[in-house]
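Have a look at protein_9.txt below; it lists compact mmCIF, C-alpha atoms.
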```txt
# COMPACT_ATOMS: atom_id res chain seq x y z
CA MET Y 1 101.35 132.10 87.22
CA SER Y 2 103.93 133.51 89.59
CA ALA Y 3 104.88 133.86 93.21
CA THR Y 4 106.43 136.46 95.47
CA GLN Y 5 108.82 136.78 98.35
CA PRO Y 6 107.21 139.32 100.72
CA HIS Y 7 108.87 141.16 103.57
CA GLN Y 8 105.70 141.02 105.64
CA ASN Y 9 102.87 138.52 105.88
CA THR Y 10 99.88 140.83 106.28
CA THR Y 11 97.04 139.89 103.93
CA ASN Y 12 93.60 141.34 103.37
CA LYS Y 13 90.51 139.91 101.70
CA ASN Y 14 89.60 141.57 98.42
CA GLN Y 15 86.04 142.01 97.17
CA ASP Y 16 86.08 138.51 95.68
CA GLY Y 17 86.97 136.93 99.02
CA GLN Y 18 90.48 136.04 97.85
CA GLU Y 19 93.64 136.83 99.79
CA ASP Y 20 95.14 140.17 98.78
CA ILE Y 21 98.87 140.88 99.05
CA ALA Y 22 98.69 144.56 98.16
CA GLU Y 23 100.44 145.64 101.37
CA GLN Y 24 103.40 143.33 100.89
CA THR Y 25 106.72 144.37 99.42
CA VAL Y 26 107.25 142.07 96.49
CA THR Y 27 110.61 140.97 95.11
CA ASN Y 28 110.24 137.53 93.51
CA VAL Y 29 107.65 138.38 90.91
CA ASP Y 30 107.61 139.72 87.37
CA PRO Y 31 104.54 142.01 87.07
CA GLY Y 32 104.65 141.64 83.31
CA GLU Y 33 104.20 137.88 83.63
CA VAL Y 34 101.19 138.32 85.94
CA ASP Y 35 99.60 140.84 83.55
CA LYS Y 36 100.24 138.57 80.57
CA PHE Y 37 98.17 135.74 82.01
CA ASN Y 38 95.55 138.05 83.51
CA GLN Y 39 94.82 139.38 80.04
CA LEU Y 40 94.08 135.84 78.86
CA ALA Y 41 91.90 134.94 81.86
CA GLY Y 42 88.72 134.69 79.82
CA GLU Y 43 90.22 131.84 77.78
CA TRP Y 44 91.24 129.46 80.58
CA TRP Y 45 88.31 127.09 80.09
CA ASP Y 46 88.05 127.43 76.31
CA LYS Y 47 89.56 124.14 75.11
CA THR Y 48 90.29 125.69 71.71
CA GLY Y 49 91.65 129.00 73.05
CA ALA Y 50 95.00 130.24 74.34
CA PHE Y 51 95.25 127.41 76.87
CA ALA Y 52 94.25 124.57 74.58
CA THR Y 53 97.68 122.99 75.05
CA LEU Y 54 97.23 122.84 78.83
CA HIS Y 55 93.89 121.08 78.38
CA GLU Y 56 95.54 118.59 76.02
CA ILE Y 57 98.43 117.74 78.36
CA ASN Y 58 96.49 117.86 81.62
CA PRO Y 59 95.54 114.15 81.64
CA LEU Y 60 99.22 113.26 81.19
CA ARG Y 61 100.26 115.57 84.02
CA LEU Y 62 97.47 114.39 86.29
CA ASN Y 63 98.26 110.70 85.79
CA TRP Y 64 102.00 111.22 86.30
CA ILE Y 65 101.40 113.18 89.51
CA THR Y 66 99.09 110.42 90.74
CA GLU Y 67 101.63 107.72 89.87
CA ASN Y 68 104.37 109.52 91.79
CA VAL Y 69 102.16 109.93 94.84
CA GLU Y 70 101.36 106.21 94.69
CA ARG Y 71 105.07 105.45 94.37
CA GLY Y 72 106.64 107.82 96.88
CA TYR Y 73 104.12 109.20 99.37
CA GLN Y 74 104.59 108.40 103.05
CA SER Y 75 102.74 109.61 106.13
CA ALA Y 76 102.56 109.07 109.85
CA ASP Y 77 98.78 109.35 109.41
CA THR Y 78 97.55 105.80 108.82
CA ASN Y 79 94.40 107.19 107.19
CA LYS Y 80 96.50 108.46 104.29
CA THR Y 81 98.22 105.89 102.11
CA ALA Y 82 100.21 105.98 98.89
CA ALA Y 83 97.90 103.34 97.40
CA ASP Y 84 94.99 105.79 97.51
CA GLY Y 85 96.76 108.15 95.11
CA LEU Y 86 95.34 111.66 95.33
CA GLN Y 87 92.25 110.52 97.22
CA GLY Y 88 92.10 112.24 100.60
CA LYS Y 89 95.37 114.11 100.12
CA LYS Y 90 95.74 117.78 101.01
CA ILE Y 91 97.24 119.47 97.96
CA LEU Y 92 98.61 122.94 97.20
CA ASP Y 93 98.77 123.91 93.52
CA ILE Y 94 101.19 126.84 93.13
CA GLY Y 95 100.66 129.15 90.15
CA CYS Y 96 97.29 127.51 89.50
CA GLY Y 97 96.18 129.97 86.82
CA GLY Y 98 92.59 129.27 85.84
CA GLY Y 99 92.51 126.00 87.77
CA ILE Y 100 92.81 123.36 85.05
CA LEU Y 101 95.09 121.08 87.09
CA SER Y 102 93.63 122.07 90.48
CA GLU Y 103 90.14 121.08 89.42
CA SER Y 104 91.23 117.76 87.95
CA MET Y 105 92.99 116.83 91.20
CA ALA Y 106 89.90 117.75 93.22
CA ARG Y 107 87.87 115.47 90.97
CA ARG Y 108 90.18 112.63 91.99
CA GLY Y 109 89.22 113.10 95.61
CA ALA Y 110 91.91 115.50 96.82
CA ASP Y 111 91.35 118.57 98.99
CA VAL Y 112 92.95 121.27 96.85
CA THR Y 113 94.04 124.85 97.40
CA GLY Y 114 95.18 126.75 94.31
CA ILE Y 115 97.21 129.94 94.67
CA ASP Y 116 98.14 132.54 92.07
CA LEU Y 117 98.90 136.27 91.85
CA GLY Y 118 96.69 136.86 88.82
CA THR Y 119 93.36 138.09 90.17
CA GLU Y 120 91.57 137.60 86.86
CA ASN Y 121 92.91 134.04 86.63
CA LEU Y 122 91.50 133.30 90.07
CA LYS Y 123 88.10 134.74 89.18
CA ALA Y 124 87.94 132.35 86.22
CA ALA Y 125 89.07 129.44 88.37
CA THR Y 126 86.61 130.19 91.19
CA LEU Y 127 83.66 130.58 88.84
CA HIS Y 128 84.40 127.29 87.11
CA ALA Y 129 84.79 125.47 90.44
CA GLN Y 130 81.39 126.79 91.52
CA GLN Y 131 79.82 125.72 88.24
CA SER Y 132 81.38 122.28 88.71
CA GLY Y 133 80.06 121.90 92.26
CA LEU Y 134 83.52 121.51 93.79
CA GLU Y 135 83.37 124.26 96.45
CA GLU Y 136 83.72 121.74 99.29
CA THR Y 137 87.11 120.40 98.18
CA LEU Y 138 88.55 123.19 96.03
CA ARG Y 139 89.36 126.80 96.88
CA TYR Y 140 91.59 129.53 95.47
CA GLN Y 141 93.67 132.26 97.11
CA HIS Y 142 95.44 135.37 95.86
CA ILE Y 143 98.53 134.93 98.01
CA ALA Y 144 102.28 134.46 97.70
CA VAL Y 145 103.67 130.96 98.08
CA GLU Y 146 106.28 132.14 100.59
CA THR Y 147 103.48 133.63 102.68
CA VAL Y 148 101.64 130.30 102.69
CA ALA Y 149 104.88 128.51 103.60
CA ALA Y 150 105.37 130.85 106.57
CA GLN Y 151 101.76 130.46 107.72
CA MET Y 152 101.24 126.75 107.02
CA PRO Y 153 104.58 124.90 107.16
CA ALA Y 154 104.48 121.13 106.73
CA GLN Y 155 100.70 121.14 106.20
CA PHE Y 156 100.36 119.60 102.71
CA ASP Y 157 100.67 116.03 101.47
CA VAL Y 158 101.35 117.02 97.87
CA VAL Y 159 102.58 120.26 96.29
CA THR Y 160 102.46 120.94 92.56
CA CYS Y 161 104.10 123.80 90.69
CA MET Y 162 103.56 123.47 86.97
CA GLU Y 163 104.75 125.75 84.15
CA MET Y 164 105.59 128.52 86.62
CA LEU Y 165 109.25 128.33 87.59
CA GLU Y 166 110.34 129.78 84.23
CA HIS Y 167 108.21 132.87 84.91
CA VAL Y 168 109.76 134.09 88.19
CA PRO Y 169 113.08 135.84 88.95
CA ASP Y 170 114.15 133.36 91.68
CA PRO Y 171 112.85 129.82 91.05
CA SER Y 172 115.03 128.37 93.83
CA ALA Y 173 112.99 130.34 96.40
CA ILE Y 174 109.83 128.69 95.06
CA VAL Y 175 111.38 125.23 95.32
CA GLN Y 176 112.39 125.95 98.91
CA ALA Y 177 108.86 127.07 99.72
CA CYS Y 178 107.54 123.81 98.23
CA TYR Y 179 109.76 121.87 100.61
CA ASP Y 180 108.68 123.94 103.60
CA LEU Y 181 105.00 123.44 102.77
CA LEU Y 182 105.18 119.65 102.60
CA ALA Y 183 104.63 117.38 105.55
CA PRO Y 184 107.39 114.78 106.01
CA GLY Y 185 106.92 112.05 103.43
CA GLY Y 186 105.13 114.37 101.03
CA VAL Y 187 105.62 114.52 97.26
CA CYS Y 188 106.29 117.60 95.14
CA VAL Y 189 105.90 117.68 91.35
CA LEU Y 190 107.47 120.49 89.34
CA SER Y 191 107.41 121.19 85.63
CA THR Y 192 109.36 123.63 83.49
CA ILE Y 193 111.33 123.90 80.23
CA ASN Y 194 114.93 122.86 79.58
CA ARG Y 195 117.41 125.45 78.29
CA ASN Y 196 119.28 124.44 75.13
CA PRO Y 197 119.10 125.12 71.37
CA LYS Y 198 116.49 122.39 70.89
CA SER Y 199 114.17 123.84 73.53
CA TYR Y 200 114.49 127.31 71.97
CA LEU Y 201 113.58 125.85 68.58
CA PHE Y 202 110.61 123.81 69.86
CA ALA Y 203 109.25 125.85 72.79
CA ILE Y 204 109.62 129.33 71.33
CA VAL Y 205 110.12 129.24 67.55
CA GLY Y 206 107.92 126.21 66.98
CA ALA Y 207 105.22 126.62 69.65
CA GLU Y 208 104.88 130.42 69.54
CA TYR Y 209 105.71 131.39 65.95
CA VAL Y 210 105.21 128.39 63.65
CA LEU Y 211 102.48 126.25 65.21
CA ARG Y 212 101.03 129.10 67.29
CA LEU Y 213 100.21 126.76 70.14
CA LEU Y 214 101.06 129.63 72.50
CA ASP Y 215 100.89 133.41 72.19
CA ARG Y 216 104.14 135.09 71.14
CA GLY Y 217 106.16 136.23 74.12
CA THR Y 218 104.76 133.56 76.44
CA HIS Y 219 108.28 132.38 77.28
CA ASP Y 220 111.69 133.96 77.83
CA TYR Y 221 114.52 131.59 76.84
CA ALA Y 222 116.87 133.08 79.44
CA LYS Y 223 114.49 131.92 82.20
CA PHE Y 224 114.42 128.28 81.07
CA ILE Y 225 115.87 125.84 83.63
CA THR Y 226 117.98 122.77 82.91
CA PRO Y 227 117.17 119.52 84.76
CA ALA Y 228 120.57 119.72 86.45
CA GLU Y 229 119.77 123.20 87.75
CA LEU Y 230 116.34 122.16 89.01
CA ASP Y 231 117.77 119.02 90.57
CA LYS Y 232 120.34 121.14 92.44
CA MET Y 233 117.60 123.51 93.68
CA ALA Y 234 115.61 120.53 94.95
CA LEU Y 235 118.56 118.89 96.67
CA ASN Y 236 119.60 122.19 98.28
CA ALA Y 237 116.06 122.60 99.61
CA GLY Y 238 116.24 119.16 101.26
CA PHE Y 239 114.35 116.98 98.78
CA ASN Y 240 115.25 113.48 97.64
CA ARG Y 241 115.13 112.70 93.94
CA GLN Y 242 112.24 110.53 92.78
CA ASP Y 243 111.60 110.70 89.03
CA ILE Y 244 111.84 112.84 85.91
CA ILE Y 245 109.97 112.61 82.60
CA GLY Y 246 109.77 114.55 79.35
CA LEU Y 247 106.62 115.81 77.62
CA HIS Y 248 106.53 115.51 73.83
CA TYR Y 249 104.33 116.67 70.95
CA ASN Y 250 103.97 115.56 67.34
CA PRO Y 251 102.58 118.51 65.29
CA ILE Y 252 101.52 116.21 62.46
CA THR Y 253 99.46 113.77 64.53
CA LYS Y 254 98.78 116.41 67.21
CA ARG Y 255 99.54 113.81 69.86
CA TYR Y 256 101.16 114.43 73.25
CA TRP Y 257 103.00 111.75 75.20
CA LEU Y 258 105.52 111.22 78.01
CA ALA Y 259 108.99 109.77 77.40
CA GLN Y 260 112.43 109.71 79.00
CA ASN Y 261 113.88 112.44 76.77
CA VAL Y 262 113.85 115.73 78.73
CA ASP Y 263 115.35 118.03 76.08
CA VAL Y 264 112.37 120.42 76.06
CA ASN Y 265 109.39 120.23 78.45
CA TYR Y 266 109.83 118.04 81.52
CA MET Y 267 108.38 117.21 84.93
CA MET Y 268 110.32 116.31 88.05
CA ALA Y 269 108.98 114.54 91.15
CA VAL Y 270 110.82 114.91 94.45
CA HIS Y 271 110.14 113.59 97.94
CA LYS Y 272 110.50 115.12 101.40
CA PRO Y 273 112.14 112.58 103.73
CA MET Y 274 110.06 111.29 106.62
CA ASP Y 275 112.73 112.30 109.14
CA GLN Y 276 112.58 115.98 108.18
```
Let me see the file written as structure tokens.
Amino acid sequence: MSATQPHQNTTNKNQDGQEDIAEQTVTNVDPGEVDKFNQLAGEWWDKTGAFATLHEINPLRLNWITENVERGYQSADTNKTAADGLQGKKILDIGCGGGILSESMARRGADVTGIDLGTENLKAATLHAQQSGLEETLRYQHIAVETVAAQMPAQFDVVTCMEMLEHVPDPSAIVQACYDLLAPGGVCVLSTINRNPKSYLFAIVGAEYVLRLLDRGTHDYAKFITPAELDKMALNAGFNRQDIIGLHYNPITKRYWLAQNVDVNYMMAVHKPMDQ
């Protein structure tokens, strides 16, 4: 669930066939965050386990991503149209974890690459993709996003980075890498958590301690990112604004929904101009 900023781009294959960044000097990564999610790797596909919330919200995320591709995607390739949604699009899912979102996008006809620095997460994701028969359109790599951006600039139609920016030391570097990875006309969707008293109450006190939707210590309030801060990162990278939406939860009805209020969890869609 994190990414790095390496000083060299040399990668090796590990025994699982995934890209290994062991020889790189890493600066934009919190090893504790990587270990935290690695330790939970066995629960990624347990819909009642530690990642139950991600399974619950995934349809909302998937549909909103699809809607923003249909609304904003452009391409010089006439074989790829916004009207087709994710169908036929080349997608990079950054901080893919166990592959919940990656796999759902592949099921909608996209060609998906998921990247993460948690080796155990990737093992869980790869195994589930194999069991689901998606090997042709879905693959996973243990590689830094900046490395991919250096090796494959402007090669993706859609880039997603969900629930990851609040886990790295320099989120602006990740946003810049997202821009670099997109082909002109491409769409990027980011999600994170707002920083204010309400988000502390709901995302940490409520979700981690009262409702126990997440393990304690999952989030660090100081790393939360306001929409204004994320918007500035996106504009500085070269993106155009497209849309923003909040994700909400009612603990009584146990229902999730999207609405305009972005006080706590939110998603932001941005667009790379065609002339870039």
Tell me which protein, DNA and RNA residues are within 8 Å of segment 267-271 of chain Y, counting only C-alpha atoms, leaving out same-chain ones fewer than 2 positions away, and put them as a compact mmCIF listing (two decimals) with C-alpha atoms, in the coordinates of the input.
```txt
# COMPACT_ATOMS: atom_id res chain seq x y z
CA ILE Y 65 101.40 113.18 89.51
CA ASN Y 68 104.37 109.52 91.79
CA GLY Y 72 106.64 107.82 96.88
CA TYR Y 73 104.12 109.20 99.37
CA GLY Y 185 106.92 112.05 103.43
CA GLY Y 186 105.13 114.37 101.03
CA VAL Y 187 105.62 114.52 97.26
CA CYS Y 188 106.29 117.60 95.14
CA VAL Y 189 105.90 117.68 91.35
CA LEU Y 190 107.47 120.49 89.34
CA SER Y 191 107.41 121.19 85.63
CA THR Y 192 109.36 123.63 83.49
CA ALA Y 234 115.61 120.53 94.95
CA PHE Y 239 114.35 116.98 98.78
CA ASN Y 240 115.25 113.48 97.64
CA ARG Y 241 115.13 112.70 93.94
CA GLN Y 242 112.24 110.53 92.78
CA ASP Y 243 111.60 110.70 89.03
CA ILE Y 244 111.84 112.84 85.91
CA ILE Y 245 109.97 112.61 82.60
CA GLY Y 246 109.77 114.55 79.35
CA LEU Y 247 106.62 115.81 77.62
CA ASN Y 265 109.39 120.23 78.45
CA PRO Y 273 112.14 112.58 103.73
```
Once 4 Å is added on each side, what centre and edge lengths in Å to one decimal does the axis-aligned box around all listed atoms of segment 163-166 of chain Y have, as lines of an AutoDock Vina configuration file?
```
center_x = 107.5
center_y = 127.8
center_z = 85.9
size_x = 13.6
size_y = 12.0
size_z = 11.4
```
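In this structure, atom CA of Gly88 of chain Y sits 26.7 Å away from atom CA of Tyr266 of chain Y.
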Original post:
Quick one: distance from atom CA of Tyr140 of chain Y to atom CA of Met233 of chain Y in Å, one decimal?
Top reply: 26.8 Å
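If you look at atom CA of Arg61 of chain Y and atom CA of Gln151 of chain Y, they are 28.0 Å away from each other.
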Original post:
From the list Y:Ile115, Y:Ile174, Y:Ile57, Y:Leu230, which residue is nearest Tyr256 of chain Y when using only C-alpha atoms?
Top reply: Y:Ile57
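Using all atoms listed in the file, the shortest contact distance between Asn250 of chain Y and any of Y:Lys272, Y:Lys232, Y:Gln87, Y:Gly206 is found at Y:Gly206.
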Original post:
For the point (97.8, 124.7, 78.7) in file coordinates, what residues are within 10 Å, counting all atoms listed in the file? Give the answer as a VMD selection string?
Top reply: chain Y and resid 44 to 45 47 49 to 58 97 to 98 100 to 101 163 213 to 214
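If you measure from each of Y:Thr137, Y:Asn194, Y:Asn28, Y:Gln74 to Ala228 of chain Y using only C-alpha atoms, the closest one turns out to be Y:Asn194.
Proximity of Y:Leu235, Y:Lys223, Y:Met274, Y:Gln141 to Gly114 of chain Y, computed with all atoms listed in the file, is greatest for Y:Gln141.
When only C-alpha atoms are used to compute distances to Ala154 of chain Y, the closest of the residues Y:Leu182, Y:Leu134, Y:Val210, Y:Met105 turns out to be Y:Leu182.
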